[in-house]
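Here's the structure, in structure tokens; my notes come after.
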Amino acid sequence: MAGMQEAGFLEVLVTQIRKDHPTMSCRAMYHKLKPAHLGRDKFEKFCKDLGYSSKREKNMRRTTDSSGVIRFDNLLEQVVLTDINQAYASDITYFDINDRFYYLTFIMDCYSRRILGYSVAERLTTEQTTLPALIQAIHTRRKSLPPGVIFHSDGGGQFYDKEFLKITAQYRFANSMCEFAYQNGKAERLNGIIKNNYLKHMDCSTKSKLMKNLDRSVYLYNEQKPHKSLKYSTPIEFENKLHLQANTKHPVPVNGLRVK
């Protein structure tokens, strides 16, 4: 199962790396990623099958379900969100420290853009990535988590691992997956914001410093960064307005947002 988890996410991760490093070879990516359950030759073949060999004539992109993995329907595609706790989105990205990759997992509320859970991992296992982030998100919403929240992600193996699905079933999430990266756009944009607007401007030279500065970055994003999509409220301010609106006889307008 561990190998399946890792291989299920490698396509997404390799695509991210080649976007940031267009000329990086398959072998260089192997040495940076150090996949635990895929040898060098198999990893290079995996990349070449995706069209990421040194001669990139064509990107023969495969979706992760072509390998027979579980894929849930995209439940977010036709939903118009009108409140928090309707849908959460999650993604895993990488952060490079001195030629070593660490993996960052984020879970956000799709309506308020608030980061609810996150984690830093040395390996692409469910136990280090999606599970701690999910448990933190549940703890964040412990008093207001309704049944039926859509949990949207890409097709990475960490999102269909049996231990992960045990938790989503326990809290009655509705699992949802996209086929293409743009169908998980909010989570993709969040990755870029935290990495490029915050972490890259901080001292993240060790794992402990990365973890400390990730805590700070999430705090700044949630509580101090005005969001244009929220009419320049922060995610926490926006959620507080929603809470006030729900608990007053004369509702306070919350920017009239309808988030698609």
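Here, A, B, ... name the chains of the structure tokens in the order displayed, residue numbers run from 1 inside each chain, and ligands are numbered from 1 in the same displayed order.
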Segment 82-131 of chain A near segment 195-201 of chain A within 12 Å: what's each residue's closest atom pair and its distance in Å to one decimal, counting only C-alpha atoms, ordered by chain then ascending residue number, as a Markdown table?
```
| residue | atom | partner | partner_atom | distance |
| --- | --- | --- | --- | --- |
| A:Ile92 | CA | A:Lys195 | CA | 11.9 |
| A:Thr93 | CA | A:Lys195 | CA | 9.2 |
| A:Tyr94 | CA | A:Lys195 | CA | 8.9 |
| A:Phe95 | CA | A:Lys195 | CA | 7.4 |
| A:Asp96 | CA | A:Lys200 | CA | 9.8 |
| A:Ile97 | CA | A:Lys200 | CA | 10.3 |
| A:Tyr102 | CA | A:Lys195 | CA | 11.9 |
| A:Tyr103 | CA | A:Lys195 | CA | 11.3 |
| A:Leu104 | CA | A:Lys195 | CA | 9.5 |
| A:Thr105 | CA | A:Lys195 | CA | 11.7 |
| A:Phe106 | CA | A:Lys195 | CA | 11.6 |
```
How about saving the chosen residues, N, CA and C atoms kept, as a PDB file, in the first residue's frame?
```pdb
ATOM      1  N   ILE A  92      -1.130  18.382  -1.888  1.00  0.00           N
ATOM      2  CA  ILE A  92       0.214  18.198  -1.363  1.00  0.00           C
ATOM      3  C   ILE A  92       1.197  18.848  -2.331  1.00  0.00           C
ATOM      4  N   THR A  93       2.143  19.587  -1.802  1.00  0.00           N
ATOM      5  CA  THR A  93       3.183  20.178  -2.631  1.00  0.00           C
ATOM      6  C   THR A  93       4.532  19.920  -1.974  1.00  0.00           C
ATOM      7  N   TYR A  94       5.604  20.402  -2.578  1.00  0.00           N
ATOM      8  CA  TYR A  94       6.931  20.175  -2.033  1.00  0.00           C
ATOM      9  C   TYR A  94       7.607  21.503  -1.701  1.00  0.00           C
ATOM     10  N   PHE A  95       8.590  21.447  -0.811  1.00  0.00           N
ATOM     11  CA  PHE A  95       9.417  22.614  -0.504  1.00  0.00           C
ATOM     12  C   PHE A  95      10.859  22.142  -0.425  1.00  0.00           C
ATOM     13  N   ASP A  96      11.743  22.827  -1.137  1.00  0.00           N
ATOM     14  CA  ASP A  96      13.133  22.401  -1.295  1.00  0.00           C
ATOM     15  C   ASP A  96      14.018  23.095  -0.261  1.00  0.00           C
ATOM     16  N   ILE A  97      14.709  22.302   0.567  1.00  0.00           N
ATOM     17  CA  ILE A  97      15.680  22.832   1.532  1.00  0.00           C
ATOM     18  C   ILE A  97      17.016  22.145   1.297  1.00  0.00           C
ATOM     19  N   TYR A 102      10.780  18.474   1.235  1.00  0.00           N
ATOM     20  CA  TYR A 102       9.797  18.214   2.280  1.00  0.00           C
ATOM     21  C   TYR A 102       8.420  18.422   1.655  1.00  0.00           C
ATOM     22  N   TYR A 103       7.430  17.743   2.201  1.00  0.00           N
ATOM     23  CA  TYR A 103       6.107  17.749   1.590  1.00  0.00           C
ATOM     24  C   TYR A 103       5.113  18.457   2.495  1.00  0.00           C
ATOM     25  N   LEU A 104       4.417  19.425   1.925  1.00  0.00           N
ATOM     26  CA  LEU A 104       3.456  20.242   2.652  1.00  0.00           C
ATOM     27  C   LEU A 104       2.046  19.851   2.213  1.00  0.00           C
ATOM     28  N   THR A 105       1.193  19.577   3.176  1.00  0.00           N
ATOM     29  CA  THR A 105      -0.208  19.264   2.904  1.00  0.00           C
ATOM     30  C   THR A 105      -1.079  20.349   3.519  1.00  0.00           C
ATOM     31  N   PHE A 106      -2.043  20.843   2.742  1.00  0.00           N
ATOM     32  CA  PHE A 106      -2.963  21.866   3.236  1.00  0.00           C
ATOM     33  C   PHE A 106      -4.407  21.399   3.030  1.00  0.00           C
TER      34      PHE A 106
END
```
So that each row is one residue of segment 20-132 of chain A with an atom at most 10 Å from segment 154-177 of chain A, can you give its shortest atom pair and the distance in Å to one decimal, using only C-alpha atoms, rows by chain and rising number, as a tab-separated table?
```
residue	atom	partner	partner_atom	distance
A:Thr63	CA	A:Gly155	CA	8.1
A:Thr64	CA	A:Gly155	CA	6.1
A:Asp65	CA	A:Gly155	CA	7.5
A:Val69	CA	A:Gly157	CA	7.8
A:Ile70	CA	A:Tyr160	CA	6.5
A:Arg71	CA	A:Gly155	CA	6.4
A:Phe72	CA	A:Ser176	CA	5.2
A:Asp73	CA	A:Ser176	CA	5.5
A:Asn74	CA	A:Ser176	CA	5.0
A:Leu75	CA	A:Ser176	CA	5.4
A:Leu76	CA	A:Ser176	CA	7.1
A:Glu77	CA	A:Ser176	CA	9.5
A:Gln86	CA	A:Phe173	CA	9.9
A:Ala87	CA	A:Ala174	CA	8.9
A:Tyr88	CA	A:Phe173	CA	9.5
A:Ala89	CA	A:Ser176	CA	9.1
A:Ser90	CA	A:Asp154	CA	7.8
A:Asp91	CA	A:Asp154	CA	6.9
A:Ile92	CA	A:Gly156	CA	8.6
A:Leu124	CA	A:Gln158	CA	7.9
A:Thr125	CA	A:Gln158	CA	6.7
A:Thr126	CA	A:Gln158	CA	4.8
A:Glu127	CA	A:Glu163	CA	8.4
A:Gln128	CA	A:Gln158	CA	9.5
A:Thr129	CA	A:Gln158	CA	7.4
A:Thr130	CA	A:Gln158	CA	6.2
A:Leu131	CA	A:Phe164	CA	6.0
A:Pro132	CA	A:Phe164	CA	9.7
```
Original post:
Which of segment 55-190 of chain A counts as alpha helix (DSSP H) under DSSP, as a list of chain:residue names please?
Top reply: A:Thr130, A:Leu131, A:Pro132, A:Ala133, A:Leu134, A:Ile135, A:Gln136, A:Ala137, A:Ile138, A:His139, A:Thr140, A:Lys162, A:Glu163, A:Phe164, A:Leu165, A:Lys166, A:Ile167, A:Thr168, A:Ala169, A:Gln170, A:Gly185, A:Lys186, A:Ala187, A:Glu188, A:Arg189, A:Leu190
Can you write just those residues out, N, CA and C atoms, as a compact mmCIF listing (two decimals), in the first residue's frame?
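part_35.txt, freshly written:
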```txt
# COMPACT_ATOMS: atom_id res chain seq x y z
N THR A 130 -1.48 13.44 4.68
CA THR A 130 -2.90 13.79 4.74
C THR A 130 -3.56 13.51 6.08
N LEU A 131 -3.13 12.45 6.78
CA LEU A 131 -3.77 12.12 8.06
C LEU A 131 -3.60 13.21 9.12
N PRO A 132 -2.38 13.69 9.40
CA PRO A 132 -2.27 14.74 10.41
C PRO A 132 -2.96 16.03 10.00
N ALA A 133 -2.94 16.34 8.71
CA ALA A 133 -3.64 17.56 8.26
C ALA A 133 -5.15 17.41 8.44
N LEU A 134 -5.69 16.24 8.12
CA LEU A 134 -7.12 16.00 8.28
C LEU A 134 -7.53 16.04 9.74
N ILE A 135 -6.76 15.41 10.61
CA ILE A 135 -7.09 15.41 12.04
C ILE A 135 -7.07 16.83 12.60
N GLN A 136 -6.11 17.64 12.15
CA GLN A 136 -6.07 19.03 12.59
C GLN A 136 -7.28 19.81 12.08
N ALA A 137 -7.68 19.57 10.83
CA ALA A 137 -8.84 20.26 10.27
C ALA A 137 -10.11 19.90 11.04
N ILE A 138 -10.26 18.63 11.38
CA ILE A 138 -11.41 18.20 12.17
C ILE A 138 -11.40 18.86 13.54
N HIS A 139 -10.22 18.96 14.14
CA HIS A 139 -10.10 19.62 15.44
C HIS A 139 -10.47 21.11 15.33
N THR A 140 -10.06 21.75 14.24
CA THR A 140 -10.39 23.16 14.03
C THR A 140 -11.90 23.37 13.96
N LYS A 162 -6.66 3.52 2.98
CA LYS A 162 -7.74 3.00 3.82
C LYS A 162 -7.80 3.70 5.17
N GLU A 163 -6.65 4.10 5.72
CA GLU A 163 -6.66 4.80 7.01
C GLU A 163 -7.26 6.19 6.88
N PHE A 164 -6.96 6.84 5.77
CA PHE A 164 -7.53 8.16 5.51
C PHE A 164 -9.04 8.06 5.31
N LEU A 165 -9.46 7.08 4.52
CA LEU A 165 -10.89 6.92 4.25
C LEU A 165 -11.66 6.48 5.49
N LYS A 166 -10.99 5.82 6.41
CA LYS A 166 -11.64 5.44 7.67
C LYS A 166 -12.05 6.70 8.44
N ILE A 167 -11.18 7.70 8.44
CA ILE A 167 -11.49 8.96 9.15
C ILE A 167 -12.57 9.74 8.42
N THR A 168 -12.47 9.83 7.08
CA THR A 168 -13.49 10.59 6.35
C THR A 168 -14.86 9.93 6.49
N ALA A 169 -14.89 8.59 6.57
CA ALA A 169 -16.15 7.89 6.77
C ALA A 169 -16.69 8.14 8.18
N GLN A 170 -15.81 8.14 9.16
CA GLN A 170 -16.22 8.35 10.55
C GLN A 170 -16.89 9.71 10.72
N GLY A 185 -8.31 24.07 -8.25
CA GLY A 185 -7.61 25.34 -8.39
C GLY A 185 -7.38 26.09 -7.09
N LYS A 186 -8.35 26.07 -6.19
CA LYS A 186 -8.18 26.80 -4.92
C LYS A 186 -7.00 26.25 -4.13
N ALA A 187 -6.91 24.93 -4.06
CA ALA A 187 -5.80 24.31 -3.32
C ALA A 187 -4.48 24.54 -4.03
N GLU A 188 -4.48 24.51 -5.36
CA GLU A 188 -3.25 24.77 -6.12
C GLU A 188 -2.77 26.20 -5.87
N ARG A 189 -3.69 27.16 -5.88
CA ARG A 189 -3.30 28.56 -5.64
C ARG A 189 -2.78 28.74 -4.22
N LEU A 190 -3.40 28.06 -3.28
CA LEU A 190 -2.95 28.15 -1.89
C LEU A 190 -1.50 27.67 -1.76
```
Original post:
Per DSSP on the backbone, what are the strand (DSSP E) residues of segment 23-249 of chain A, as a PyMOL selection string?
Top reply: chain A and resi 87-97+100-109+115-121+150-153+174-177
Subject >> Interatomic distance (Å, one decimal) between atom CA of Val149 of chain A and atom CA of Ser112 of chain A >> reply: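 So the answer is 14.1 Å.
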